[in-house]
Amino acid sequence: MFIASKETISKFLENSLVHKESERDKFVARTVLGYICQYLFEFTKIHQTMNPLQVPDDWAPYTGQIVTCREDLAMQVILPAYDRVMGSAIGIVPSELVEEHFWLWSVISEIFRDNKLQMSQSEEAPGAIIISGPKILRLK
Amino acid sequence: MFPISEKLYQKFMELKAPPAVGIVITPEELRAILGYLSLRLYEFVRVHECIMKSANETELVTDRDTVARWVVATVLEEAGLNDEESYLDNSEWLWQVIKDLISEMGYQIETSPASGQGIMTNGVWHSNFVITIRKSTN
């Protein structure tokens, strides 16, 4: 299970795509963050398991990193989390999640940091994301 | 993944929905409902727990409406019973199963009967049938 620090929670609640008029809305936003943490944990575990299997023999050996992209995280983590809590009519455009909402990518990065992992974004390949850290271990 | 005890499984299979509901559910569908219910309920509790840890909160205060919307509705969809909402909707036997499941997960659960008033906790309004979940100390 991934946890979120107080700072990460505050940052998400300030910027969340959920309306924040009422205390109930804040509760909903907090739950969305909970599901983001949960799905991010699942995403990391799944890729940690699958990556070594996907590397063909003639490729470079698995380096202990997960290489992914904003699009994958948006489709497999962020949108399902919003959808899970708010239903399908949330009106969030996937391309906007990828190209805008920089605060959200900053929150995702902080969740990884809160859980002793690092998320770095490539300058050469915009949108590419590399997740690494002591918890990412090569499976034998 | 949360394993369900044989005792709870048997209890669930015996309880089922009241016959008056008039919907035929096969034993396989019942098994699927219980499986998805335990999976989604566990996920729901853990999702809140990962936020509660940082906020130094020791209990999750929620209500039947919230659990029905975020857990039960998903279970119905995953079990292929989208059109059978009345089957699980506000059925007392279901809430008894949810209570038992949460207890088996190692949490204490308190439920208060509908007062017609609801309560305000941590600034959040909860409707009738308040559910309080906290980690069991045993």
# chains A, B, ... in the order shown; residues from 1 in each chain; ligands from 1

call {"tool": "select_by_dssp", "arguments": {"residues": "chain A", "states": "strand (DSSP E or B)", "output": "PyMOL selection string"}}
result
chain A and resi 66-69+118-121+128-132

call {"tool": "residues_around", "arguments": {"residues": "B:Ser38", "least_positions_apart": "2", "cutoff": "8 Å", "atoms": "only C-alpha atoms", "output": "MDAnalysis selection string"}}
result
chainID B and resid 2 4 34:36 40:42 101

call {"tool": "interface_residues", "arguments": {"of": "chain A", "to": "chain B", "cutoff": "7 Å", "atoms": "only C-alpha atoms", "output": "list in words"}}
result
Phe2, Ile3, Ala4, Ser5, Lys6, Glu23, Arg24, Thr31, Gly34, Tyr35, Gln38 and Val85 of chain A

call {"tool": "write_last_selection", "arguments": {"atoms": "N, CA and C atoms", "output": "short mmCIF file (atom, residue, chain, number, x, y, z; two decimals), in the first residue's frame"}}
result
data_model
loop_
_atom_site.label_atom_id
_atom_site.label_comp_id
_atom_site.auth_asym_id
_atom_site.auth_seq_id
_atom_site.Cartn_x
_atom_site.Cartn_y
_atom_site.Cartn_z
N PHE A 2 0.57 2.19 -0.88
CA PHE A 2 1.26 3.48 -0.86
C PHE A 2 0.53 4.41 0.11
N ILE A 3 1.29 5.20 0.82
CA ILE A 3 0.66 6.22 1.67
C ILE A 3 0.94 7.60 1.07
N ALA A 4 0.19 8.58 1.52
CA ALA A 4 0.43 9.96 1.06
C ALA A 4 0.77 10.80 2.28
N SER A 5 1.80 11.64 2.15
CA SER A 5 2.19 12.49 3.28
C SER A 5 1.19 13.64 3.42
N LYS A 6 1.29 14.34 4.55
CA LYS A 6 0.40 15.49 4.79
C LYS A 6 0.52 16.52 3.67
N GLU A 23 -17.62 20.42 2.62
CA GLU A 23 -16.76 19.45 3.31
C GLU A 23 -16.92 18.07 2.69
N ARG A 24 -18.13 17.79 2.23
CA ARG A 24 -18.38 16.51 1.60
C ARG A 24 -17.52 16.37 0.33
N THR A 31 -10.82 10.87 -1.04
CA THR A 31 -11.01 9.47 -1.45
C THR A 31 -10.40 9.23 -2.82
N GLY A 34 -6.88 8.67 -2.33
CA GLY A 34 -6.68 7.31 -1.80
C GLY A 34 -6.65 6.28 -2.90
N TYR A 35 -7.59 6.41 -3.84
CA TYR A 35 -7.61 5.46 -4.95
C TYR A 35 -6.42 5.66 -5.89
N GLN A 38 -3.69 3.81 -4.27
CA GLN A 38 -3.92 2.37 -4.41
C GLN A 38 -3.60 1.89 -5.82
N VAL A 85 -14.60 6.91 -7.97
CA VAL A 85 -15.26 7.67 -6.91
C VAL A 85 -16.41 8.52 -7.44
#

call {"tool": "select_by_dssp", "arguments": {"residues": "chain A", "states": "alpha helix (DSSP H)", "output": "MDAnalysis selection string"}}
result
chainID A and resid 6:15 23:54 70:73 79:86 94:99 102:114

call {"tool": "closest_residue", "arguments": {"among": "A:Thr44, A:Ser132, A:Ser106, A:Gln121", "to": "A:Gln76", "atoms": "only C-alpha atoms"}}
result
A:Thr44

call {"tool": "residues_around", "arguments": {"residues": "B:Glu29", "least_positions_apart": "4", "cutoff": "8 Å", "atoms": "only C-alpha atoms", "output": "PDB file with all heavy atoms, in the first residue's frame"}}
result
ATOM      1  N   ILE B  25     -30.720 -16.193  -8.033  1.00  0.00           N
ATOM      2  CA  ILE B  25     -29.267 -16.037  -8.091  1.00  0.00           C
ATOM      3  C   ILE B  25     -28.649 -17.415  -7.911  1.00  0.00           C
ATOM      4  O   ILE B  25     -28.979 -18.130  -6.971  1.00  0.00           O
ATOM      5  CB  ILE B  25     -28.768 -15.102  -6.956  1.00  0.00           C
ATOM      6  CG1 ILE B  25     -29.416 -13.722  -7.048  1.00  0.00           C
ATOM      7  CG2 ILE B  25     -27.248 -14.985  -6.973  1.00  0.00           C
ATOM      8  CD1 ILE B  25     -28.928 -12.819  -8.131  1.00  0.00           C
ATOM      9  N   ILE B  33     -20.346 -12.678  -5.887  1.00  0.00           N
ATOM     10  CA  ILE B  33     -20.718 -11.476  -5.128  1.00  0.00           C
ATOM     11  C   ILE B  33     -19.873 -11.379  -3.853  1.00  0.00           C
ATOM     12  O   ILE B  33     -19.308 -10.337  -3.544  1.00  0.00           O
ATOM     13  CB  ILE B  33     -22.222 -11.503  -4.762  1.00  0.00           C
ATOM     14  CG1 ILE B  33     -23.063 -11.283  -6.021  1.00  0.00           C
ATOM     15  CG2 ILE B  33     -22.548 -10.417  -3.732  1.00  0.00           C
ATOM     16  CD1 ILE B  33     -24.557 -11.439  -5.794  1.00  0.00           C
ATOM     17  N   ALA B  79     -20.019  -8.507 -10.829  1.00  0.00           N
ATOM     18  CA  ALA B  79     -20.640  -9.835 -10.767  1.00  0.00           C
ATOM     19  C   ALA B  79     -21.661 -10.019 -11.892  1.00  0.00           C
ATOM     20  O   ALA B  79     -22.316 -11.051 -11.961  1.00  0.00           O
ATOM     21  CB  ALA B  79     -21.301 -10.031  -9.408  1.00  0.00           C
TER      22      ALA B  79
END

call {"tool": "atom_distance", "arguments": {"atom1": "atom CA of A:Arg30", "atom2": "atom CA of A:Pro80"}}
result
14.8 Å

call {"tool": "closest_residue", "arguments": {"among": "B:Glu14, B:Glu57, B:Glu78, B:Asp63", "to": "B:Ser112", "atoms": "only C-alpha atoms"}}
result
B:Asp63

call {"tool": "residues_around", "arguments": {"residues": "B:Thr111", "least_positions_apart": "3", "cutoff": "8 Å", "atoms": "only C-alpha atoms", "output": "JSON, numbers by chain"}}
result
{"B": [129, 130, 131, 132]}

call {"tool": "atom_distance", "arguments": {"atom1": "atom CA of A:Thr68", "atom2": "atom CA of A:Glu42"}}
result
14.1 Å

call {"tool": "residues_around", "arguments": {"residues": "B:Met13", "least_positions_apart": "4", "cutoff": "9 Å", "atoms": "only C-alpha atoms", "output": "list in words"}}
result
Leu8, Tyr9, Pro27, Leu30 and Arg31 of chain B

call {"tool": "decode", "arguments": {"residues": "stretch 107-119 of chain A", "atoms": "N, CA and C atoms", "output": "PDB file, in the first residue's frame"}}
result
ATOM      1  N   VAL A 107       2.085  15.876  -7.944  1.00  0.00           N
ATOM      2  CA  VAL A 107       1.519  15.065  -6.853  1.00  0.00           C
ATOM      3  C   VAL A 107       1.909  13.590  -7.028  1.00  0.00           C
ATOM      4  N   ILE A 108       1.819  13.100  -8.262  1.00  0.00           N
ATOM      5  CA  ILE A 108       2.190  11.697  -8.540  1.00  0.00           C
ATOM      6  C   ILE A 108       3.656  11.471  -8.141  1.00  0.00           C
ATOM      7  N   SER A 109       4.491  12.432  -8.517  1.00  0.00           N
ATOM      8  CA  SER A 109       5.911  12.338  -8.181  1.00  0.00           C
ATOM      9  C   SER A 109       6.103  12.313  -6.651  1.00  0.00           C
ATOM     10  N   GLU A 110       5.314  13.136  -5.952  1.00  0.00           N
ATOM     11  CA  GLU A 110       5.426  13.192  -4.485  1.00  0.00           C
ATOM     12  C   GLU A 110       4.957  11.895  -3.831  1.00  0.00           C
ATOM     13  N   ILE A 111       3.926  11.277  -4.414  1.00  0.00           N
ATOM     14  CA  ILE A 111       3.455   9.990  -3.853  1.00  0.00           C
ATOM     15  C   ILE A 111       4.582   8.957  -3.952  1.00  0.00           C
ATOM     16  N   PHE A 112       5.268   8.938  -5.098  1.00  0.00           N
ATOM     17  CA  PHE A 112       6.402   8.004  -5.229  1.00  0.00           C
ATOM     18  C   PHE A 112       7.461   8.329  -4.174  1.00  0.00           C
ATOM     19  N   ARG A 113       7.739   9.627  -4.006  1.00  0.00           N
ATOM     20  CA  ARG A 113       8.759  10.027  -3.034  1.00  0.00           C
ATOM     21  C   ARG A 113       8.328   9.659  -1.613  1.00  0.00           C
ATOM     22  N   ASP A 114       7.038   9.845  -1.310  1.00  0.00           N
ATOM     23  CA  ASP A 114       6.523   9.489   0.019  1.00  0.00           C
ATOM     24  C   ASP A 114       6.736   8.009   0.308  1.00  0.00           C
ATOM     25  N   ASN A 115       6.867   7.212  -0.760  1.00  0.00           N
ATOM     26  CA  ASN A 115       6.992   5.760  -0.601  1.00  0.00           C
ATOM     27  C   ASN A 115       8.362   5.245  -1.036  1.00  0.00           C
ATOM     28  N   LYS A 116       9.359   6.137  -0.883  1.00  0.00           N
ATOM     29  CA  LYS A 116      10.767   5.790  -1.113  1.00  0.00           C
ATOM     30  C   LYS A 116      11.069   5.344  -2.542  1.00  0.00           C
ATOM     31  N   LEU A 117      10.359   5.913  -3.471  1.00  0.00           N
ATOM     32  CA  LEU A 117      10.641   5.662  -4.885  1.00  0.00           C
ATOM     33  C   LEU A 117      10.881   7.010  -5.561  1.00  0.00           C
ATOM     34  N   GLN A 118      11.521   6.954  -6.719  1.00  0.00           N
ATOM     35  CA  GLN A 118      11.766   8.202  -7.439  1.00  0.00           C
ATOM     36  C   GLN A 118      11.079   8.157  -8.789  1.00  0.00           C
ATOM     37  N   MET A 119      10.502   9.294  -9.146  1.00  0.00           N
ATOM     38  CA  MET A 119       9.915   9.385 -10.475  1.00  0.00           C
ATOM     39  C   MET A 119      10.645  10.493 -11.212  1.00  0.00           C
TER      40      MET A 119
END
